[in-house]
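Participant: Got start04.txt for you, compact mmCIF, N, CA and C atoms:
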# COMPACT_ATOMS: atom_id res chain seq x y z
N MET A 274 -22.35 -39.12 27.01
CA MET A 274 -23.67 -39.72 27.01
C MET A 274 -23.92 -40.49 28.31
N GLN A 275 -22.85 -40.96 28.91
CA GLN A 275 -23.02 -41.78 30.11
C GLN A 275 -23.70 -41.01 31.24
N GLY A 276 -23.40 -39.73 31.37
CA GLY A 276 -23.94 -38.97 32.49
C GLY A 276 -25.31 -38.37 32.24
N ASN A 277 -25.86 -38.55 31.05
CA ASN A 277 -27.15 -37.95 30.73
C ASN A 277 -28.03 -38.98 30.01
N PRO A 278 -28.90 -39.67 30.74
CA PRO A 278 -29.72 -40.72 30.13
C PRO A 278 -30.78 -40.20 29.15
N GLU A 279 -31.04 -38.89 29.12
CA GLU A 279 -32.00 -38.31 28.17
C GLU A 279 -31.37 -37.97 26.83
N LEU A 280 -30.05 -38.08 26.75
CA LEU A 280 -29.31 -37.68 25.55
C LEU A 280 -29.35 -38.79 24.50
N ALA A 281 -29.88 -38.46 23.32
CA ALA A 281 -29.98 -39.42 22.23
C ALA A 281 -28.84 -39.30 21.24
N LEU A 282 -28.40 -38.06 20.98
CA LEU A 282 -27.46 -37.82 19.88
C LEU A 282 -26.40 -36.81 20.28
N VAL A 283 -25.16 -37.13 19.97
CA VAL A 283 -24.06 -36.17 20.06
C VAL A 283 -23.55 -36.00 18.63
N GLN A 284 -23.64 -34.78 18.12
CA GLN A 284 -23.26 -34.48 16.74
C GLN A 284 -22.03 -33.58 16.73
N ALA A 285 -21.02 -33.95 15.95
CA ALA A 285 -19.82 -33.13 15.76
C ALA A 285 -19.93 -32.39 14.43
N ARG A 286 -19.04 -31.43 14.21
CA ARG A 286 -19.06 -30.69 12.94
C ARG A 286 -18.13 -31.34 11.94
N TRP A 287 -18.33 -31.02 10.68
CA TRP A 287 -17.49 -31.53 9.61
C TRP A 287 -16.44 -30.49 9.24
N THR A 288 -15.28 -30.94 8.86
CA THR A 288 -14.28 -30.11 8.19
C THR A 288 -13.82 -30.89 6.97
N PHE A 289 -13.18 -30.18 6.04
CA PHE A 289 -12.87 -30.81 4.76
C PHE A 289 -11.41 -30.61 4.38
N VAL A 290 -10.75 -31.69 3.99
CA VAL A 290 -9.35 -31.61 3.61
C VAL A 290 -9.19 -31.01 2.22
N ASN A 291 -10.23 -31.05 1.41
CA ASN A 291 -10.12 -30.54 0.03
C ASN A 291 -10.96 -29.28 -0.19
N LYS A 292 -11.14 -28.47 0.83
CA LYS A 292 -12.00 -27.29 0.71
C LYS A 292 -11.47 -26.25 -0.28
N GLU A 293 -10.19 -26.30 -0.64
CA GLU A 293 -9.61 -25.35 -1.60
C GLU A 293 -9.34 -25.98 -2.96
N GLU A 294 -9.89 -27.17 -3.20
CA GLU A 294 -9.61 -27.92 -4.44
C GLU A 294 -10.07 -27.19 -5.70
N ASN A 295 -11.29 -26.67 -5.70
CA ASN A 295 -11.82 -25.94 -6.86
C ASN A 295 -12.94 -25.03 -6.39
N LEU A 296 -13.57 -24.34 -7.31
CA LEU A 296 -14.63 -23.39 -6.95
C LEU A 296 -15.79 -24.09 -6.23
N LEU A 297 -16.17 -25.26 -6.70
CA LEU A 297 -17.27 -25.99 -6.09
C LEU A 297 -16.96 -26.36 -4.63
N THR A 298 -15.76 -26.85 -4.37
CA THR A 298 -15.44 -27.23 -2.99
C THR A 298 -15.33 -26.00 -2.09
N ARG A 299 -14.88 -24.87 -2.63
CA ARG A 299 -14.82 -23.64 -1.82
C ARG A 299 -16.23 -23.17 -1.48
N LEU A 300 -17.14 -23.22 -2.45
CA LEU A 300 -18.53 -22.81 -2.20
C LEU A 300 -19.21 -23.76 -1.21
N GLN A 301 -18.97 -25.06 -1.36
CA GLN A 301 -19.52 -26.03 -0.41
C GLN A 301 -19.03 -25.75 1.00
N ASN A 302 -17.75 -25.44 1.11
CA ASN A 302 -17.17 -25.17 2.42
C ASN A 302 -17.83 -23.95 3.06
N ILE A 303 -18.06 -22.90 2.28
CA ILE A 303 -18.74 -21.70 2.81
C ILE A 303 -20.13 -22.07 3.30
N ASN A 304 -20.87 -22.80 2.47
CA ASN A 304 -22.23 -23.20 2.82
C ASN A 304 -22.25 -24.08 4.06
N LEU A 305 -21.38 -25.08 4.13
CA LEU A 305 -21.39 -26.00 5.27
C LEU A 305 -20.84 -25.36 6.53
N CYS A 306 -19.91 -24.43 6.40
CA CYS A 306 -19.45 -23.70 7.59
C CYS A 306 -20.60 -22.90 8.19
N PHE A 307 -21.40 -22.25 7.34
CA PHE A 307 -22.58 -21.54 7.84
C PHE A 307 -23.54 -22.52 8.51
N HIS A 308 -23.77 -23.65 7.87
CA HIS A 308 -24.67 -24.66 8.43
C HIS A 308 -24.23 -25.07 9.83
N PHE A 309 -22.95 -25.36 10.01
CA PHE A 309 -22.48 -25.81 11.32
C PHE A 309 -22.30 -24.67 12.31
N GLU A 310 -21.71 -23.57 11.87
CA GLU A 310 -21.43 -22.45 12.78
C GLU A 310 -22.70 -21.75 13.24
N VAL A 311 -23.70 -21.67 12.38
CA VAL A 311 -24.91 -20.92 12.72
C VAL A 311 -26.10 -21.85 12.97
N GLU A 312 -26.54 -22.55 11.94
CA GLU A 312 -27.77 -23.33 12.06
C GLU A 312 -27.69 -24.39 13.15
N GLN A 313 -26.70 -25.26 13.08
CA GLN A 313 -26.62 -26.35 14.05
C GLN A 313 -26.39 -25.82 15.47
N GLN A 314 -25.48 -24.86 15.60
CA GLN A 314 -25.16 -24.34 16.92
C GLN A 314 -26.35 -23.62 17.55
N VAL A 315 -26.99 -22.74 16.78
CA VAL A 315 -28.13 -21.96 17.30
C VAL A 315 -29.30 -22.88 17.62
N ASN A 316 -29.63 -23.77 16.71
CA ASN A 316 -30.74 -24.70 16.98
C ASN A 316 -30.44 -25.59 18.18
N GLY A 317 -29.21 -26.04 18.30
CA GLY A 317 -28.84 -26.87 19.44
C GLY A 317 -28.96 -26.15 20.76
N ILE A 318 -28.59 -24.88 20.78
CA ILE A 318 -28.63 -24.10 22.02
C ILE A 318 -30.05 -23.68 22.39
N PHE A 319 -30.78 -23.13 21.42
CA PHE A 319 -32.07 -22.53 21.74
C PHE A 319 -33.26 -23.47 21.59
N LEU A 320 -33.17 -24.44 20.70
CA LEU A 320 -34.30 -25.34 20.47
C LEU A 320 -34.06 -26.74 21.00
N ASN A 321 -32.81 -27.05 21.34
CA ASN A 321 -32.41 -28.41 21.69
C ASN A 321 -32.80 -29.40 20.60
N PHE A 322 -32.83 -28.90 19.36
CA PHE A 322 -33.10 -29.77 18.23
C PHE A 322 -32.32 -29.28 17.02
N PHE A 323 -31.78 -30.20 16.28
CA PHE A 323 -31.17 -29.94 14.99
C PHE A 323 -31.21 -31.24 14.22
N GLY A 324 -31.17 -31.15 12.91
CA GLY A 324 -31.19 -32.35 12.10
C GLY A 324 -29.87 -33.10 12.18
N PHE A 325 -29.95 -34.40 12.33
CA PHE A 325 -28.75 -35.24 12.29
C PHE A 325 -28.18 -35.16 10.88
N ASN A 326 -26.88 -35.02 10.75
CA ASN A 326 -26.24 -34.83 9.45
C ASN A 326 -25.90 -36.13 8.74
N GLY A 327 -26.25 -37.25 9.31
CA GLY A 327 -26.00 -38.52 8.64
C GLY A 327 -24.62 -39.08 8.89
N THR A 328 -23.73 -38.30 9.45
CA THR A 328 -22.39 -38.76 9.79
C THR A 328 -21.83 -37.84 10.88
N ALA A 329 -20.74 -38.23 11.49
CA ALA A 329 -20.07 -37.45 12.55
C ALA A 329 -20.95 -37.30 13.78
N GLY A 330 -21.78 -38.29 14.01
CA GLY A 330 -22.63 -38.27 15.19
C GLY A 330 -22.68 -39.63 15.84
N VAL A 331 -23.05 -39.64 17.11
CA VAL A 331 -23.20 -40.89 17.86
C VAL A 331 -24.60 -40.93 18.44
N TRP A 332 -25.31 -42.01 18.18
CA TRP A 332 -26.68 -42.19 18.66
C TRP A 332 -26.71 -43.19 19.82
N ARG A 333 -27.61 -42.96 20.75
CA ARG A 333 -27.91 -43.94 21.79
C ARG A 333 -28.87 -44.96 21.16
N ILE A 334 -28.53 -46.22 21.22
CA ILE A 334 -29.34 -47.27 20.60
C ILE A 334 -30.76 -47.27 21.14
N LYS A 335 -30.93 -47.07 22.42
CA LYS A 335 -32.26 -47.05 23.02
C LYS A 335 -33.13 -45.96 22.40
N ALA A 336 -32.54 -44.80 22.10
CA ALA A 336 -33.29 -43.70 21.47
C ALA A 336 -33.75 -44.09 20.07
N LEU A 337 -32.87 -44.74 19.32
CA LEU A 337 -33.25 -45.19 17.98
C LEU A 337 -34.39 -46.20 18.06
N GLU A 338 -34.26 -47.16 18.96
CA GLU A 338 -35.29 -48.21 19.09
C GLU A 338 -36.62 -47.62 19.53
N GLU A 339 -36.60 -46.74 20.53
CA GLU A 339 -37.85 -46.16 21.04
C GLU A 339 -38.50 -45.18 20.05
N SER A 340 -37.73 -44.72 19.08
CA SER A 340 -38.26 -43.78 18.09
C SER A 340 -38.65 -44.48 16.80
N GLY A 341 -38.69 -45.78 16.80
CA GLY A 341 -39.16 -46.53 15.65
C GLY A 341 -38.07 -47.08 14.75
N GLY A 342 -36.83 -46.85 15.11
CA GLY A 342 -35.73 -47.41 14.34
C GLY A 342 -35.40 -46.61 13.10
N TRP A 343 -34.34 -47.05 12.46
CA TRP A 343 -33.85 -46.41 11.24
C TRP A 343 -34.69 -46.91 10.08
N LEU A 344 -35.54 -46.05 9.53
CA LEU A 344 -36.44 -46.45 8.46
C LEU A 344 -35.87 -46.05 7.11
N GLU A 345 -35.96 -46.93 6.16
CA GLU A 345 -35.44 -46.66 4.82
C GLU A 345 -36.56 -46.23 3.88
N ARG A 346 -37.54 -45.52 4.41
CA ARG A 346 -38.67 -45.10 3.58
C ARG A 346 -38.37 -43.86 2.77
N THR A 347 -37.29 -43.16 3.10
CA THR A 347 -36.87 -41.99 2.32
C THR A 347 -35.36 -42.03 2.20
N THR A 348 -34.81 -41.12 1.41
CA THR A 348 -33.36 -40.98 1.35
C THR A 348 -32.88 -39.92 2.34
N VAL A 349 -33.78 -39.40 3.16
CA VAL A 349 -33.40 -38.46 4.22
C VAL A 349 -33.73 -39.09 5.58
N GLU A 350 -33.35 -40.36 5.72
CA GLU A 350 -33.66 -41.09 6.95
C GLU A 350 -32.97 -40.47 8.16
N ASP A 351 -31.87 -39.73 7.95
CA ASP A 351 -31.22 -39.05 9.06
C ASP A 351 -32.12 -37.95 9.63
N MET A 352 -32.81 -37.21 8.77
CA MET A 352 -33.76 -36.20 9.23
C MET A 352 -34.98 -36.88 9.87
N ASP A 353 -35.43 -37.94 9.26
CA ASP A 353 -36.59 -38.68 9.74
C ASP A 353 -36.40 -39.15 11.18
N ILE A 354 -35.28 -39.80 11.47
CA ILE A 354 -35.06 -40.31 12.82
C ILE A 354 -34.83 -39.17 13.81
N ALA A 355 -34.21 -38.09 13.38
CA ALA A 355 -33.99 -36.95 14.28
C ALA A 355 -35.32 -36.33 14.72
N VAL A 356 -36.24 -36.17 13.79
CA VAL A 356 -37.55 -35.60 14.11
C VAL A 356 -38.30 -36.54 15.05
N ARG A 357 -38.32 -37.83 14.72
CA ARG A 357 -39.05 -38.78 15.55
C ARG A 357 -38.46 -38.88 16.97
N ALA A 358 -37.14 -38.87 17.08
CA ALA A 358 -36.50 -38.92 18.41
C ALA A 358 -36.81 -37.66 19.21
N HIS A 359 -36.75 -36.51 18.55
CA HIS A 359 -37.05 -35.25 19.24
C HIS A 359 -38.49 -35.24 19.74
N LEU A 360 -39.41 -35.69 18.91
CA LEU A 360 -40.83 -35.73 19.32
C LEU A 360 -41.07 -36.73 20.44
N ASN A 361 -40.18 -37.70 20.59
CA ASN A 361 -40.27 -38.66 21.70
C ASN A 361 -39.59 -38.15 22.97
N GLY A 362 -39.10 -36.90 22.93
CA GLY A 362 -38.53 -36.30 24.13
C GLY A 362 -37.04 -36.46 24.31
N TRP A 363 -36.35 -37.04 23.36
CA TRP A 363 -34.90 -37.23 23.46
C TRP A 363 -34.18 -35.91 23.23
N LYS A 364 -33.02 -35.74 23.85
CA LYS A 364 -32.21 -34.53 23.76
C LYS A 364 -31.02 -34.76 22.84
N PHE A 365 -30.57 -33.66 22.23
CA PHE A 365 -29.42 -33.68 21.32
C PHE A 365 -28.39 -32.67 21.80
N ILE A 366 -27.12 -32.95 21.53
CA ILE A 366 -26.04 -32.00 21.80
C ILE A 366 -25.20 -31.87 20.54
N TYR A 367 -24.91 -30.62 20.18
CA TYR A 367 -24.02 -30.34 19.05
C TYR A 367 -22.70 -29.82 19.60
N LEU A 368 -21.59 -30.43 19.17
CA LEU A 368 -20.25 -30.04 19.62
C LEU A 368 -19.50 -29.40 18.45
N ASN A 369 -19.52 -28.07 18.39
CA ASN A 369 -18.86 -27.36 17.30
C ASN A 369 -17.34 -27.48 17.35
N ASP A 370 -16.78 -27.68 18.53
CA ASP A 370 -15.33 -27.73 18.66
C ASP A 370 -14.75 -29.12 18.37
N VAL A 371 -15.61 -30.12 18.18
CA VAL A 371 -15.14 -31.45 17.79
C VAL A 371 -15.32 -31.55 16.28
N LYS A 372 -14.21 -31.70 15.57
CA LYS A 372 -14.24 -31.67 14.11
C LYS A 372 -13.91 -33.05 13.53
N VAL A 373 -14.72 -33.47 12.56
CA VAL A 373 -14.52 -34.74 11.86
C VAL A 373 -14.17 -34.41 10.42
N THR A 374 -13.03 -34.87 9.98
CA THR A 374 -12.52 -34.52 8.65
C THR A 374 -13.09 -35.44 7.58
N GLY A 375 -13.43 -34.83 6.45
CA GLY A 375 -13.95 -35.58 5.32
C GLY A 375 -13.59 -34.89 4.02
N LEU A 376 -14.25 -35.30 2.94
CA LEU A 376 -14.03 -34.73 1.61
C LEU A 376 -15.30 -34.12 1.08
N ASN A 377 -15.18 -32.93 0.45
CA ASN A 377 -16.29 -32.36 -0.31
C ASN A 377 -16.35 -33.07 -1.66
N ILE A 378 -17.53 -33.10 -2.25
CA ILE A 378 -17.63 -33.66 -3.60
C ILE A 378 -16.94 -32.72 -4.58
N LEU A 379 -16.37 -33.29 -5.62
CA LEU A 379 -15.59 -32.49 -6.58
C LEU A 379 -16.39 -32.08 -7.80
N ILE A 380 -17.50 -32.77 -8.09
CA ILE A 380 -18.33 -32.42 -9.23
C ILE A 380 -19.77 -32.34 -8.77
N PHE A 381 -20.56 -31.54 -9.45
CA PHE A 381 -21.95 -31.37 -9.08
C PHE A 381 -22.82 -32.32 -9.89
N ASN A 382 -23.63 -33.08 -9.18
CA ASN A 382 -24.53 -34.03 -9.82
C ASN A 382 -25.95 -33.51 -9.63
N LEU A 383 -26.51 -32.90 -10.68
CA LEU A 383 -27.83 -32.29 -10.59
C LEU A 383 -28.89 -33.32 -10.23
N SER A 384 -28.76 -34.53 -10.72
CA SER A 384 -29.71 -35.59 -10.41
C SER A 384 -29.73 -35.87 -8.91
N ALA A 385 -28.57 -35.95 -8.29
CA ALA A 385 -28.49 -36.21 -6.85
C ALA A 385 -29.12 -35.06 -6.06
N ALA A 386 -28.87 -33.82 -6.48
CA ALA A 386 -29.45 -32.66 -5.79
C ALA A 386 -30.97 -32.70 -5.89
N ASN A 387 -31.50 -33.05 -7.05
CA ASN A 387 -32.95 -33.16 -7.20
C ASN A 387 -33.52 -34.28 -6.34
N ASN A 388 -32.80 -35.39 -6.22
CA ASN A 388 -33.26 -36.50 -5.39
C ASN A 388 -33.38 -36.08 -3.93
N VAL A 389 -32.41 -35.32 -3.43
CA VAL A 389 -32.47 -34.87 -2.04
C VAL A 389 -33.65 -33.94 -1.83
N SER A 390 -33.85 -32.98 -2.74
CA SER A 390 -34.99 -32.07 -2.62
C SER A 390 -36.31 -32.83 -2.63
N PHE A 391 -36.45 -33.76 -3.56
CA PHE A 391 -37.67 -34.56 -3.63
C PHE A 391 -37.84 -35.40 -2.37
N SER A 392 -36.74 -35.95 -1.86
CA SER A 392 -36.81 -36.81 -0.68
C SER A 392 -37.26 -36.05 0.56
N ILE A 393 -36.83 -34.82 0.72
CA ILE A 393 -37.27 -34.01 1.86
C ILE A 393 -38.77 -33.77 1.74
N TYR A 394 -39.23 -33.43 0.53
CA TYR A 394 -40.67 -33.25 0.29
C TYR A 394 -41.42 -34.54 0.60
N ARG A 395 -40.89 -35.66 0.10
CA ARG A 395 -41.54 -36.97 0.32
C ARG A 395 -41.60 -37.31 1.81
N PHE A 396 -40.53 -37.03 2.55
CA PHE A 396 -40.51 -37.26 3.99
C PHE A 396 -41.65 -36.50 4.66
N CYS A 397 -41.82 -35.25 4.26
CA CYS A 397 -42.86 -34.42 4.87
C CYS A 397 -44.25 -34.93 4.53
N MET A 398 -44.40 -35.56 3.38
CA MET A 398 -45.71 -36.03 2.94
C MET A 398 -45.99 -37.49 3.31
N LEU A 399 -45.02 -38.19 3.89
CA LEU A 399 -45.13 -39.63 4.12
C LEU A 399 -45.89 -40.01 5.38
N GLY A 400 -46.79 -39.22 5.77
CA GLY A 400 -47.52 -39.58 6.97
C GLY A 400 -46.76 -39.18 8.23
N SER A 401 -45.84 -38.24 8.07
CA SER A 401 -45.16 -37.72 9.25
C SER A 401 -46.23 -37.10 10.15
N THR A 402 -46.16 -37.41 11.42
CA THR A 402 -47.18 -36.92 12.34
C THR A 402 -46.81 -35.57 12.95
N VAL A 403 -45.82 -34.92 12.37
CA VAL A 403 -45.37 -33.63 12.88
C VAL A 403 -46.39 -32.56 12.51
N THR A 404 -46.83 -31.83 13.52
CA THR A 404 -47.72 -30.70 13.28
C THR A 404 -47.13 -29.48 13.97
N LYS A 405 -47.68 -28.30 13.67
CA LYS A 405 -47.14 -27.10 14.30
C LYS A 405 -47.33 -27.13 15.81
N ASN A 406 -48.31 -27.87 16.31
CA ASN A 406 -48.52 -27.98 17.75
C ASN A 406 -47.38 -28.72 18.46
N ASP A 407 -46.66 -29.57 17.70
CA ASP A 407 -45.55 -30.32 18.29
C ASP A 407 -44.38 -29.42 18.65
N PHE A 408 -44.33 -28.23 18.06
CA PHE A 408 -43.21 -27.32 18.29
C PHE A 408 -43.60 -26.11 19.10
N SER A 409 -44.82 -26.08 19.64
CA SER A 409 -45.22 -24.92 20.45
C SER A 409 -45.11 -25.20 21.92
As structure tokens - that is how I would like this structure written.
Facilitator:
Amino acid sequence: MQGNPELALVQARWTFVNKEENLLTRLQNINLCFHFEVEQQVNGIFLNFFGFNGTAGVWRIKALEESGGWLERTTVEDMDIAVRAHLNGWKFIYLNDVKVTGLNILIFNLSAANNVSFSIYRFCMLGSTVTKNDFS
């Protein structure tokens, strides 16, 4: 980050110590490997934008401050700040070869999954100023 003053976020990929624990952790690992290997990498290379994953990343404080700060108006504040920083012209880098180890969840909580889906919808409806013209 020191050599690039336009860089707001450096995001690493996740790996999991319990990816073989049970069927759920194996399925999560497949899904998240696709997310990091394809979505994050491709978006980072071709769009210079990807959603911050909420962990395994380092933010430049100035980028957070100039983008309105970390707002707790949704439960997807990581997506919220990433969109606002990108629209303010900040750059992101995704490092697929830097791996941060964590744990997959062992049980599925349907309530939590519904909260995330609702929160993404709420973020989009919360007066976000993102329009299709912002991405053209």
Participant: Which residues come within 6.5 Å of A:Phe289, counting all atoms listed in the file, excluding same-chain residues fewer than 3 positions away, as a list of chain:residue names?
Facilitator: A:Lys292, A:Val373, A:Thr374, A:Gly375, A:Leu376, A:Asn377
Participant: Tell me, as a ChimeraX atom specification, which residues lie within 12 Å of A:Trp343, counting only C-alpha atoms; anything in the same chain fewer than 2 positions away does not count.
Facilitator: /A:327,332,334-341,345-358
Participant: Those selected residues, please, written with N, CA and C atoms and delivered as a compact mmCIF listing (two decimals), in the frame of the given file.
Facilitator:
# COMPACT_ATOMS: atom_id res chain seq x y z
N GLY A 327 -26.25 -37.25 9.31
CA GLY A 327 -26.00 -38.52 8.64
C GLY A 327 -24.62 -39.08 8.89
N TRP A 332 -25.31 -42.01 18.18
CA TRP A 332 -26.68 -42.19 18.66
C TRP A 332 -26.71 -43.19 19.82
N ILE A 334 -28.53 -46.22 21.22
CA ILE A 334 -29.34 -47.27 20.60
C ILE A 334 -30.76 -47.27 21.14
N LYS A 335 -30.93 -47.07 22.42
CA LYS A 335 -32.26 -47.05 23.02
C LYS A 335 -33.13 -45.96 22.40
N ALA A 336 -32.54 -44.80 22.10
CA ALA A 336 -33.29 -43.70 21.47
C ALA A 336 -33.75 -44.09 20.07
N LEU A 337 -32.87 -44.74 19.32
CA LEU A 337 -33.25 -45.19 17.98
C LEU A 337 -34.39 -46.20 18.06
N GLU A 338 -34.26 -47.16 18.96
CA GLU A 338 -35.29 -48.21 19.09
C GLU A 338 -36.62 -47.62 19.53
N GLU A 339 -36.60 -46.74 20.53
CA GLU A 339 -37.85 -46.16 21.04
C GLU A 339 -38.50 -45.18 20.05
N SER A 340 -37.73 -44.72 19.08
CA SER A 340 -38.26 -43.78 18.09
C SER A 340 -38.65 -44.48 16.80
N GLY A 341 -38.69 -45.78 16.80
CA GLY A 341 -39.16 -46.53 15.65
C GLY A 341 -38.07 -47.08 14.75
N GLU A 345 -35.96 -46.93 6.16
CA GLU A 345 -35.44 -46.66 4.82
C GLU A 345 -36.56 -46.23 3.88
N ARG A 346 -37.54 -45.52 4.41
CA ARG A 346 -38.67 -45.10 3.58
C ARG A 346 -38.37 -43.86 2.77
N THR A 347 -37.29 -43.16 3.10
CA THR A 347 -36.87 -41.99 2.32
C THR A 347 -35.36 -42.03 2.20
N THR A 348 -34.81 -41.12 1.41
CA THR A 348 -33.36 -40.98 1.35
C THR A 348 -32.88 -39.92 2.34
N VAL A 349 -33.78 -39.40 3.16
CA VAL A 349 -33.40 -38.46 4.22
C VAL A 349 -33.73 -39.09 5.58
N GLU A 350 -33.35 -40.36 5.72
CA GLU A 350 -33.66 -41.09 6.95
C GLU A 350 -32.97 -40.47 8.16
N ASP A 351 -31.87 -39.73 7.95
CA ASP A 351 -31.22 -39.05 9.06
C ASP A 351 -32.12 -37.95 9.63
N MET A 352 -32.81 -37.21 8.77
CA MET A 352 -33.76 -36.20 9.23
C MET A 352 -34.98 -36.88 9.87
N ASP A 353 -35.43 -37.94 9.26
CA ASP A 353 -36.59 -38.68 9.74
C ASP A 353 -36.40 -39.15 11.18
N ILE A 354 -35.28 -39.80 11.47
CA ILE A 354 -35.06 -40.31 12.82
C ILE A 354 -34.83 -39.17 13.81
N ALA A 355 -34.21 -38.09 13.38
CA ALA A 355 -33.99 -36.95 14.28
C ALA A 355 -35.32 -36.33 14.72
N VAL A 356 -36.24 -36.17 13.79
CA VAL A 356 -37.55 -35.60 14.11
C VAL A 356 -38.30 -36.54 15.05
N ARG A 357 -38.32 -37.83 14.72
CA ARG A 357 -39.05 -38.78 15.55
C ARG A 357 -38.46 -38.88 16.97
N ALA A 358 -37.14 -38.87 17.08
CA ALA A 358 -36.50 -38.92 18.41
C ALA A 358 -36.81 -37.66 19.21
Participant: Write out as a CSV table (one decimal) with N, CA and C atoms, in the coordinates of the input the residues lying within 7 Å of A:Asn369, counting only N, CA and C atoms and excluding same-chain residues fewer than 5 positions away.
Facilitator:
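Everything below was put into selection.csv:
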chain,number,residue,atom,x,y,z
A,284,GLN,N,-23.6,-34.8,18.1
A,284,GLN,CA,-23.3,-34.5,16.7
A,284,GLN,C,-22.0,-33.6,16.7
A,285,ALA,N,-21.0,-34.0,16.0
A,285,ALA,CA,-19.8,-33.1,15.8
A,285,ALA,C,-19.9,-32.4,14.4
A,286,ARG,N,-19.0,-31.4,14.2
A,286,ARG,CA,-19.1,-30.7,12.9
A,286,ARG,C,-18.1,-31.3,11.9
A,309,PHE,N,-23.0,-25.4,10.0
A,309,PHE,CA,-22.5,-25.8,11.3
A,309,PHE,C,-22.3,-24.7,12.3
A,314,GLN,N,-25.5,-24.9,15.6
A,314,GLN,CA,-25.2,-24.3,16.9
A,314,GLN,C,-26.4,-23.6,17.6
Participant: Hey, can you check how far atom CA of A:Phe323 sits from atom C of A:Leu296?
Facilitator: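 Distance between the two atoms: 26.9 Å.
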Participant: So the first atom is atom CA of A:Val371 and the second is atom CA of A:Ala329; what is the distance between them in Å, to one decimal place?
Facilitator: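 It comes out at 9.4 Å.
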Participant: Quick one: pull the distance between atom CA of A:Asn316 and atom CA of A:His359, Å, one decimal.
Facilitator: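 Result for atom CA of A:Asn316 versus atom CA of A:His359: 12.5 Å, one decimal.
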